[in-house]
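Visitor: My questions will all concern the structure given below.
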Amino acid sequence: MTRWSAEQVAKLAPDDSSLAAARRLATPGPWSDTGSTDQLVWGKCQGSGSKPYQVAVDLPGPAFKCSCPSRKFPCKHALALLMLWVDGSGTVATTESAADFAQAWAEDRAGTAARSAGRTKAPPDPAAQAKRREERRALMDAGMTDFATWLGDLVRGGTAAARHQPYSWWDGTAARLVDAQLPGLAEQVRTMASDVLTRDDWADHLLATAGRWWTATRAWAARDRLSADELGDLRAFLGWSFATEEVRANDAVDDTWLVLGAHRSDNGRVQQQRTWLWGETTHEIVQVLDFAAGGQTLAVPQVVGAVLQATLARYPGRAVRRALFATDPVAVDSRRGLPAGGTIDDAWARAAEVWAANPWTGRVPVIIEGVRVAPGPPAYAVDAAGGSVNLTADSPIWALLANSGGQPVDVFGELQPGRLRVLSFVGAGELVAL
Amino acid sequence: MSSLETWWAGLRTAALVGTTRRPPPPLPDLGIVAREDARAEEVLLDAAALGAALRRSGVHATTGREPAATAPDETQPEPPPRAVPLLELLLNQLAAGGRQRRLLVAHWCQEAAVAGCRVPHRLLPQLLELATAERELQPATAEVAGERGRWLGRLNPDWTWVAEGAPATATEDWPILSTETRVALLIRLRADDPDTARQLAQSTWSIDGAKDRKAQLDTFWIGLGPEDEDLLEQALDDRAPSVRELAATLLDGLPDSARARRMADRLRPLIRATGVLKREIEVALPDEPDQAGVRDGLGKPPRGRSKRGWWLERIVTGAPLEVWTEVTRASPATIVSRVQDDDARHGLRRAVQTRSDSEWARALLGRSWDPGLLPLLPQDEREKIALSRLAALKSRHQIGEVLAAVPTPWGAKLSVAVVRRLADDDDADLTFRYLFSELAAGLHPDGLALLDQWRQRTDGLPTSATSLLKFRSVKRSITEAFS
């Protein structure tokens with residue numbers, strides 16, 4: 001695993017005070033017995049006690065171990081150790097073999113992981129399982145019927161009237177959807193509650209979304225006629241997730257994957273990280289999703305532009321499929337450029353294809369060549385053919401401008417209705433995150 | 001509007017008011033058959049679903065918009081490879097935070113400017129954002145932003161300061177520049193090229209307003225020299241009193257000027273050695289000044305001052321210091337100890353300060369502590385005086401005042417003494433934090449070494465002192481990276 005960047009270490013800190021506290025510790029003085037290998041970084045830090053704290057970081061996880069009494073995760077000692085490792089001054093040198101305590105911990109972790117993976121759950125009682133499934137489906141059926149009725153009420157009364165409803169009206173529907181095991185829909189309803197008040201095009205947006213929700217209720221009612229992949233896409237939309245064992249059991253694609261780009265978002269409750277991968281043999285783009293709730297840290301993102309050897313398991317779906325790592329990725333090659341792309345019109349055509357196959361997805365991964373940007377506002381991107389598209393508010397346009405100097409560059413991004421989010425670009429022949 | 005859009009607009013309106021009030025419009029001719037026997041709500045929802053899918057997928061790229069113009073090529077090279085990660089660490093707050101980070105980033109930019117380098121492109125957005133928030137960083141950052149940085153400054157309204165901060169060779173535009181821009185230009189020019197600055201100011205002197213003349217003249221404190229005398233002498237006759245006053249004050253700094261000679265002529269008769277052994281020096285108060293005297297600045301005194309005392313002070317400030325030694329045939333130290341008159345002493349102090357005369361400064365300091373005069377002495381002397389002063393002080397506030405008066409960096413002796421002194425302090429952590437800026441800029445490596453020893457020995461170094469050591473270590477790394 002390559003050495004992390006300063007930004008990656010800074011992002012790990014649970015809060016600003018931890019970062020400040022870690023900085024104070026990031027001097028050679030209190031540290032001893034430090035070192036690092038490809039997978040581990042370790043050291044001993046002299047604190048206020050008599051015995052120094054033993055600190056170790058398992059890079060692939062990442063996972064942190066420290067004998068200090070802090071409850072923060074990672075603690076300031078682990079952060080400080082990483083800062084020293086990353087500053088390249090040699091305080092934390094690369095060595096052949098790990099220190100004993102670090103090695104022992106890493107092996108212990110691997111053992112625990114293997115044990116929990118191999119731990120056979122009590123063989124599922126098929127009857128009980130079937131009963132649970134039936135109950136769930138009954139709940140969802142009832143929930144969807146209820147939702148369809150609510151949609152009917154909405155258009156009977158009119159979207160203008162809906163806009164004047166208090167938040168509790170929307171939230172009530174969302175709560176019922178959660179009870180009916182449809183959390184994805186619930187989240188969408190809650191988002192719409194604020195969208196109707198904040199968006200200028202709220203009338204179009206509400207009508208179009210209501211149409212899509214309506215389609216979902218009709219699709220759910222006809223689910224027996226859907227293929228496994230079509231159902232998979234619908235389930236993602238509704239928020240009925242697949243168990244990872246099930247996904248692993250049903251699919252395995254072994255390939256080298258180019259990391260095209262990544263994006264983190266935070267809706268206040270849950271942090272989500274999307275990583276887009278391009279299979280060099282399959283030529284398919286998939287997304288890996290990581291989540292972290294509350295105070296947890298998200299997994300360290302893969303380095304954009306890296307090429308990884310891994311087996312992925314894809315979730316059922318027709319287009320823009322989600323995948324997970326069935327094996328730990330191993331970096332095999334450094335940095336490549338992007339696969340061939342097209343113009344913005346080509347990207348819209350691609351999006352139309354995707355939406356025809358999977359009407360439930362919002363974002364379509366696209367590669368556009370020869371892009372130049374104008375900061376606006378609103379910011380927009382222009383391709384070599386002179387076509388343009390607006391950029392999302394969270395697109396890193398200044399990073400793109402600073403790096404490209406206004407010259408045309410190939411970019412990778414997510415196309416949404418009406419807007420593009422740029423995630424990475426090719427600079428000096430290498431794919432770089434923005 | 002296309003027929004599809006017309007239909008959608010009709011659908012939207014029907015949806016707005018609700019199906020009880022208006023039926024949904026019929027589907028356009030798309031080869032799709034509506035469901036029969038469906039309730040009105042279902043018809044509308046079906047149509048919405050269809051319309052949404054069509055509108056989303058039927059999008060084409062917008063035309064007719066231009067991208068931003070490309071950036072000019074760079075003229076300066078990238079920094080040496082060791083320096084770049086240091087800036088990256090600083091920008092990500094890994095090496096320091098808050099005020100320390102600001103000081104270190106400023107140091108990095110200064111070292112880069114001296115080395116003639118520019119900031120790497122990928123770090124520009126972070127650096128420019130930081131400097132937009134921390135205004136003191138702006139001049140240093142603008143120096144090393146490079147062509148790309150200035151280009152970004154033209155594109156982003158928050159970063160316009162980058163482009164403005166560039167060395168403006170816009171001297172041809174002088175007549176049309178605003179006062180603010182002119183003053184900024186003069187400030188920059190006076191440091192290296194005071195003659196050009198003066199010529200620029202003179203070029204529009206007769207047509208500029210009083211406020212402008214005063215603002216421009218105010219920059220002459222920088223790089224004041226004998227060549228400025230002509231303009232200043234002319235300004236003594238200016239229409240505006242504020243300009244006249246400023247010119248007089250500026251001429252206090254030119255002891256070889258004609259005004260200084262006139263002041264000397266006024267001063268000489270006022271000084272008398274008196275007393276039994278001619279040990280006393282008496283300074284008589286001047287009479288009402290003539291017109292030339294008023295022109296030279298002997299006008300109405302400020303409120304609360306007696307007019308003759310005020311005139312005496314101004315005369316002493318304006319006259320060359322040699323007058324004193326000439327008339328009394330004594331050394332400055334002797335003179336200082338013998339002159340009792342307050343107004344004369346004030347005048348002497350101002351004269352010494354304006355002319356940066358170290359001999360007289362030494363003499364004045366010998367008599368009483370005066371932080372303003374300390375920077376005029378050579379380093380070992382001022383540090384010796386500061387040291388003796390420090391020994392007497394208790395509060396960290398007073399210590400701070402003394403240390404602030406000693407120009408940084410300090411010599412070894414003072415640094416070691418300061419560290420020892422602070423080590424004895426009861427609340428060392430708070431003191432170190434209070435004095436952080438002075439210590440960070442001033443401590444000699446010997447002082448730092450002492451701190452380091454102290455840390456290893458007792459293990460009880462206050463956190464702010466450790467922070468100080470870390471700060472200096474990063475600062476040293478930056479300097480070394482550019483060498």
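Ordering of the structure tokens sets the chain letters (A, B, ...); residue numbers start at 1 within each chain; ligands are numbered from 1 in the order shown.
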How would you write, as a PyMOL selection string, the set of residues in region 194-257 of chain A that DSSP gives as strand (DSSP E)?
Guide: chain A and resi 253-257
Visitor: Keeping only N, CA, C and O atoms, write the selected residues to a file as a tab-separated table (two decimals), in the first residue's frame.
Guide:
```
chain	number	residue	atom	x	y	z
A	253	VAL	N	-16.49	-11.41	-9.90
A	253	VAL	CA	-15.79	-10.96	-11.10
A	253	VAL	C	-14.36	-10.66	-10.72
A	253	VAL	O	-14.08	-9.74	-9.94
A	254	ASP	N	-13.45	-11.42	-11.26
A	254	ASP	CA	-12.04	-11.21	-10.97
A	254	ASP	C	-11.45	-10.40	-12.11
A	254	ASP	O	-11.50	-10.81	-13.26
A	255	ASP	N	-10.89	-9.25	-11.79
A	255	ASP	CA	-10.42	-8.38	-12.87
A	255	ASP	C	-9.44	-7.39	-12.27
A	255	ASP	O	-9.26	-7.32	-11.05
A	256	THR	N	-8.77	-6.63	-13.15
A	256	THR	CA	-8.04	-5.48	-12.64
A	256	THR	C	-8.94	-4.27	-12.83
A	256	THR	O	-9.56	-4.09	-13.89
A	257	TRP	N	-9.03	-3.48	-11.80
A	257	TRP	CA	-9.97	-2.37	-11.77
A	257	TRP	C	-9.24	-1.05	-11.64
A	257	TRP	O	-8.41	-0.89	-10.76
```
Visitor: Please report, as a Markdown table, each residue of chain A lying at most 8 Å from chain B, together with the nearest pair of atoms and the separation in Å rounded to one decimal; use only C-alpha atoms, and order rows by chain and ascending residue number.
Guide:
```
| residue | atom | partner | partner_atom | distance |
| --- | --- | --- | --- | --- |
| A:Ala6 | CA | B:Leu89 | CA | 5.9 |
| A:Glu7 | CA | B:Asn92 | CA | 6.0 |
| A:Ala10 | CA | B:Asn92 | CA | 6.4 |
| A:Leu19 | CA | B:Leu94 | CA | 7.5 |
| A:Ala20 | CA | B:Gly97 | CA | 6.8 |
| A:Arg23 | CA | B:Leu94 | CA | 6.2 |
| A:Arg24 | CA | B:Ser467 | CA | 6.2 |
| A:Ala26 | CA | B:Ala95 | CA | 8.0 |
| A:Thr27 | CA | B:Lys470 | CA | 6.7 |
| A:Met83 | CA | B:Leu94 | CA | 6.6 |
| A:Asp87 | CA | B:Leu89 | CA | 7.3 |
| A:Gly152 | CA | B:Glu41 | CA | 5.4 |
| A:Asp153 | CA | B:Glu41 | CA | 7.9 |
| A:Leu154 | CA | B:Gly18 | CA | 7.9 |
| A:Val155 | CA | B:Gly18 | CA | 5.3 |
| A:Arg156 | CA | B:Gly18 | CA | 4.6 |
| A:Gly157 | CA | B:Gly18 | CA | 4.7 |
| A:Gly158 | CA | B:Gly18 | CA | 3.5 |
| A:Thr159 | CA | B:Leu16 | CA | 4.5 |
| A:Ala160 | CA | B:Leu16 | CA | 4.8 |
| A:Ala161 | CA | B:Leu16 | CA | 7.6 |
| A:Ala203 | CA | B:Arg12 | CA | 6.9 |
| A:Asp204 | CA | B:Arg12 | CA | 6.7 |
| A:Leu207 | CA | B:Ala48 | CA | 6.1 |
| A:Ala208 | CA | B:Ala52 | CA | 4.7 |
| A:Thr209 | CA | B:Ala52 | CA | 7.6 |
| A:Ala210 | CA | B:Leu45 | CA | 7.1 |
| A:Gly211 | CA | B:Ala49 | CA | 3.7 |
| A:Arg212 | CA | B:Ala49 | CA | 5.4 |
| A:Trp214 | CA | B:Leu45 | CA | 6.5 |
| A:Thr215 | CA | B:Ala49 | CA | 6.5 |
| A:Ile344 | CA | B:Ala61 | CA | 5.9 |
| A:Asp345 | CA | B:Ala61 | CA | 5.3 |
| A:Trp348 | CA | B:His60 | CA | 6.4 |
| A:Ala349 | CA | B:Ser57 | CA | 7.6 |
| A:Ala351 | CA | B:Ser57 | CA | 7.0 |
| A:Ala352 | CA | B:Ser57 | CA | 4.5 |
| A:Trp355 | CA | B:Ser57 | CA | 7.3 |
| A:Pro359 | CA | B:Ala53 | CA | 7.8 |
| A:Arg372 | CA | B:Pro67 | CA | 5.7 |
| A:Val373 | CA | B:Pro67 | CA | 5.2 |
| A:Ala374 | CA | B:Pro67 | CA | 4.7 |
| A:Pro375 | CA | B:Leu155 | CA | 7.1 |
| A:Tyr380 | CA | B:Pro67 | CA | 8.0 |
| A:Ala381 | CA | B:Pro67 | CA | 7.1 |
| A:Val382 | CA | B:Pro67 | CA | 6.1 |
| A:Gly386 | CA | B:Thr63 | CA | 6.4 |
| A:Gly387 | CA | B:Thr63 | CA | 5.0 |
| A:Ser388 | CA | B:Thr62 | CA | 5.0 |
| A:Val389 | CA | B:Ala61 | CA | 6.0 |
| A:Trp398 | CA | B:Pro125 | CA | 6.3 |
| A:Ala399 | CA | B:Pro125 | CA | 6.1 |
| A:Leu401 | CA | B:Leu152 | CA | 7.6 |
| A:Ala402 | CA | B:His121 | CA | 5.7 |
| A:Asn403 | CA | B:Arg122 | CA | 5.5 |
| A:Gly405 | CA | B:Ala71 | CA | 5.1 |
| A:Gly406 | CA | B:Thr70 | CA | 4.3 |
| A:Gln407 | CA | B:Thr70 | CA | 6.0 |
| A:Pro417 | CA | B:Arg56 | CA | 6.2 |
```
Visitor: Can you tell me which residues surround Trp276 (chain A) at a distance of at most 8 Å, considering only C-alpha atoms, apart from same-chain residues fewer than 5 positions away, and format the answer as a ChimeraX atom specification?
Guide: /A:259-262,285-288,365
Visitor: How about saving the chosen residues, N, CA, C and O atoms kept, as a tab-separated table (two decimals), in the first residue's frame?
Guide:
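Saved as selection07.tsv:
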```tsv
chain	number	residue	atom	x	y	z
A	259	VAL	N	-9.42	2.78	-10.56
A	259	VAL	CA	-10.24	3.64	-9.71
A	259	VAL	C	-10.45	4.95	-10.45
A	259	VAL	O	-9.54	5.74	-10.64
A	260	LEU	N	-11.69	5.19	-10.88
A	260	LEU	CA	-11.98	6.37	-11.70
A	260	LEU	C	-12.17	7.63	-10.87
A	260	LEU	O	-11.79	8.72	-11.29
A	261	GLY	N	-12.83	7.48	-9.72
A	261	GLY	CA	-13.10	8.68	-8.93
A	261	GLY	C	-13.88	8.28	-7.69
A	261	GLY	O	-14.39	7.17	-7.60
A	262	ALA	N	-13.97	9.19	-6.75
A	262	ALA	CA	-14.68	8.90	-5.51
A	262	ALA	C	-15.34	10.18	-5.01
A	262	ALA	O	-14.92	11.29	-5.35
A	285	ILE	N	-18.41	-0.15	-15.62
A	285	ILE	CA	-18.16	0.75	-14.50
A	285	ILE	C	-19.09	0.34	-13.37
A	285	ILE	O	-20.31	0.24	-13.56
A	286	VAL	N	-18.53	0.10	-12.19
A	286	VAL	CA	-19.34	-0.25	-11.02
A	286	VAL	C	-19.04	0.74	-9.90
A	286	VAL	O	-18.01	1.42	-9.92
A	287	GLN	N	-19.93	0.79	-8.91
A	287	GLN	CA	-19.65	1.65	-7.77
A	287	GLN	C	-19.63	0.81	-6.50
A	287	GLN	O	-20.44	-0.08	-6.30
A	288	VAL	N	-18.64	1.13	-5.65
A	288	VAL	CA	-18.54	0.51	-4.34
A	288	VAL	C	-19.01	1.55	-3.33
A	288	VAL	O	-18.55	2.69	-3.36
A	365	PRO	N	-22.27	7.37	-14.33
A	365	PRO	CA	-20.84	7.69	-14.48
A	365	PRO	C	-20.52	7.92	-15.96
A	365	PRO	O	-20.92	7.14	-16.82
```
Visitor: Pick out the residues sitting within 12 Å of Gln302 (chain A), and hand them over as a ChimeraX atom specification; count only C-alpha atoms, and ignore anything fewer than 2 positions along from it in its own chain.
Guide: /A:1-2,4-5,8,59-62,257-263,273-277,288-290,298-300,304-308,325,328-331,432-433
Visitor: Just the selected residues (C-alpha atoms), exported as a short mmCIF file (atom, residue, chain, number, x, y, z; two decimals), in the first residue's frame, please.
Guide:
```cif
data_model
loop_
_atom_site.label_atom_id
_atom_site.label_comp_id
_atom_site.auth_asym_id
_atom_site.auth_seq_id
_atom_site.Cartn_x
_atom_site.Cartn_y
_atom_site.Cartn_z
CA MET A 1 0.00 0.00 0.00
CA THR A 2 1.46 3.32 -0.96
CA TRP A 4 -0.91 8.09 2.37
CA SER A 5 -1.19 11.77 1.60
CA GLN A 8 -5.98 11.50 3.91
CA LEU A 59 -3.30 0.40 6.90
CA PRO A 60 -5.68 -1.61 4.70
CA GLY A 61 -8.54 -1.33 7.22
CA PRO A 62 -7.75 1.10 8.49
CA TRP A 257 -9.97 -2.37 -11.77
CA LEU A 258 -9.04 1.25 -12.40
CA VAL A 259 -10.24 3.64 -9.71
CA LEU A 260 -11.98 6.37 -11.70
CA GLY A 261 -13.10 8.68 -8.93
CA ALA A 262 -14.68 8.90 -5.51
CA HIS A 263 -17.05 11.18 -3.65
CA GLN A 273 -18.56 7.19 0.16
CA ARG A 274 -18.93 6.19 -3.50
CA THR A 275 -15.95 4.76 -5.35
CA TRP A 276 -16.24 4.21 -9.09
CA LEU A 277 -14.25 1.39 -10.67
CA VAL A 288 -18.54 0.51 -4.34
CA LEU A 289 -20.47 2.10 -1.49
CA ASP A 290 -19.21 2.54 2.06
CA LEU A 298 -15.33 5.89 6.80
CA ALA A 299 -12.94 3.45 5.19
CA VAL A 300 -9.92 5.15 3.65
CA VAL A 304 -7.89 7.57 -7.69
CA GLY A 305 -5.87 6.43 -10.68
CA ALA A 306 -4.63 3.28 -8.97
CA VAL A 307 -5.19 -0.08 -10.64
CA LEU A 308 -6.32 -2.83 -8.27
CA PHE A 325 -14.89 -6.21 -2.61
CA ASP A 328 -8.93 -7.28 -0.42
CA PRO A 329 -7.72 -5.18 -3.34
CA VAL A 330 -4.04 -5.27 -4.15
CA ALA A 331 -2.46 -2.42 -6.05
CA VAL A 432 -5.91 12.49 -10.47
CA ALA A 433 -8.70 13.11 -7.99
#
```
Visitor: Could you check which of B:Asp212, B:Glu172, B:Asp370, B:Asp343 is closest to Val243 (chain B), using only C-alpha atoms?
Guide: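 Of all the options, B:Asp212 lies closest to Val243 (chain B).
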Visitor: If you count only C-alpha atoms, which residues fall within 9 Å of Ile368 (chain A), apart from same-chain ones fewer than 6 positions away, as number ranges by chain?
Guide: A: 340-344, 346-347, 383, 409-413
Visitor: At a cut-off of 8 Å, using only C-alpha atoms, what residues contact Leu434 (chain A)? Leave out same-chain residues fewer than 5 positions from it and give the result as number ranges by chain.
Guide: A: 396, 399-400, 422-425
Visitor: Once you have the residues from the selection above, write them out as a PDB file, in the first residue's frame, restricted to N, CA, C and O atoms.
Guide:
```pdb
ATOM      1  N   PRO A 396     -15.512  20.362  -7.683  1.00  0.00           N
ATOM      2  CA  PRO A 396     -14.303  21.112  -7.316  1.00  0.00           C
ATOM      3  C   PRO A 396     -13.749  21.897  -8.508  1.00  0.00           C
ATOM      4  O   PRO A 396     -12.701  21.582  -9.047  1.00  0.00           O
ATOM      5  N   ALA A 399     -10.150  23.518  -8.095  1.00  0.00           N
ATOM      6  CA  ALA A 399      -9.054  22.567  -8.220  1.00  0.00           C
ATOM      7  C   ALA A 399      -8.837  22.242  -9.692  1.00  0.00           C
ATOM      8  O   ALA A 399      -7.703  22.166 -10.172  1.00  0.00           O
ATOM      9  N   LEU A 400      -9.949  22.082 -10.432  1.00  0.00           N
ATOM     10  CA  LEU A 400      -9.815  21.751 -11.851  1.00  0.00           C
ATOM     11  C   LEU A 400      -9.177  22.905 -12.616  1.00  0.00           C
ATOM     12  O   LEU A 400      -8.277  22.706 -13.436  1.00  0.00           O
ATOM     13  N   VAL A 422     -18.014  16.741 -11.455  1.00  0.00           N
ATOM     14  CA  VAL A 422     -16.696  16.286 -11.892  1.00  0.00           C
ATOM     15  C   VAL A 422     -15.961  15.692 -10.700  1.00  0.00           C
ATOM     16  O   VAL A 422     -15.919  16.293  -9.636  1.00  0.00           O
ATOM     17  N   LEU A 423     -15.384  14.503 -10.881  1.00  0.00           N
ATOM     18  CA  LEU A 423     -14.702  13.863  -9.754  1.00  0.00           C
ATOM     19  C   LEU A 423     -13.199  13.738  -9.965  1.00  0.00           C
ATOM     20  O   LEU A 423     -12.446  13.723  -9.001  1.00  0.00           O
ATOM     21  N   SER A 424     -12.767  13.569 -11.210  1.00  0.00           N
ATOM     22  CA  SER A 424     -11.336  13.408 -11.422  1.00  0.00           C
ATOM     23  C   SER A 424     -10.997  13.853 -12.833  1.00  0.00           C
ATOM     24  O   SER A 424     -11.882  13.993 -13.679  1.00  0.00           O
ATOM     25  N   PHE A 425      -9.710  14.074 -13.088  1.00  0.00           N
ATOM     26  CA  PHE A 425      -9.299  14.517 -14.416  1.00  0.00           C
ATOM     27  C   PHE A 425      -7.935  13.922 -14.727  1.00  0.00           C
ATOM     28  O   PHE A 425      -7.240  13.413 -13.840  1.00  0.00           O
TER      29      PHE A 425
END
```
Visitor: Might you pull out every residue within 6 Å of Arg421 (chain A), with only C-alpha atoms counted and same-chain residues fewer than 2 positions away left off, and present them as a ChimeraX atom specification?
Guide: /A:391-392,395,413-414
Visitor: So how many Å separate CA of Leu365 (chain B) and CA of Arg421 (chain B), to one decimal?
Guide: 23.0 Å
Visitor: I'd like to know which residues of region 135-344 of chain B are helix (DSSP H, G or I) (by DSSP, run on the backbone); could you write them as number ranges by chain?
Guide: B: 135-144, 146-155, 157-164, 170-176, 179-192, 194-203, 210-221, 226-235, 241-251, 258-270, 291-295, 307-318, 322-328, 332-338, 342-344
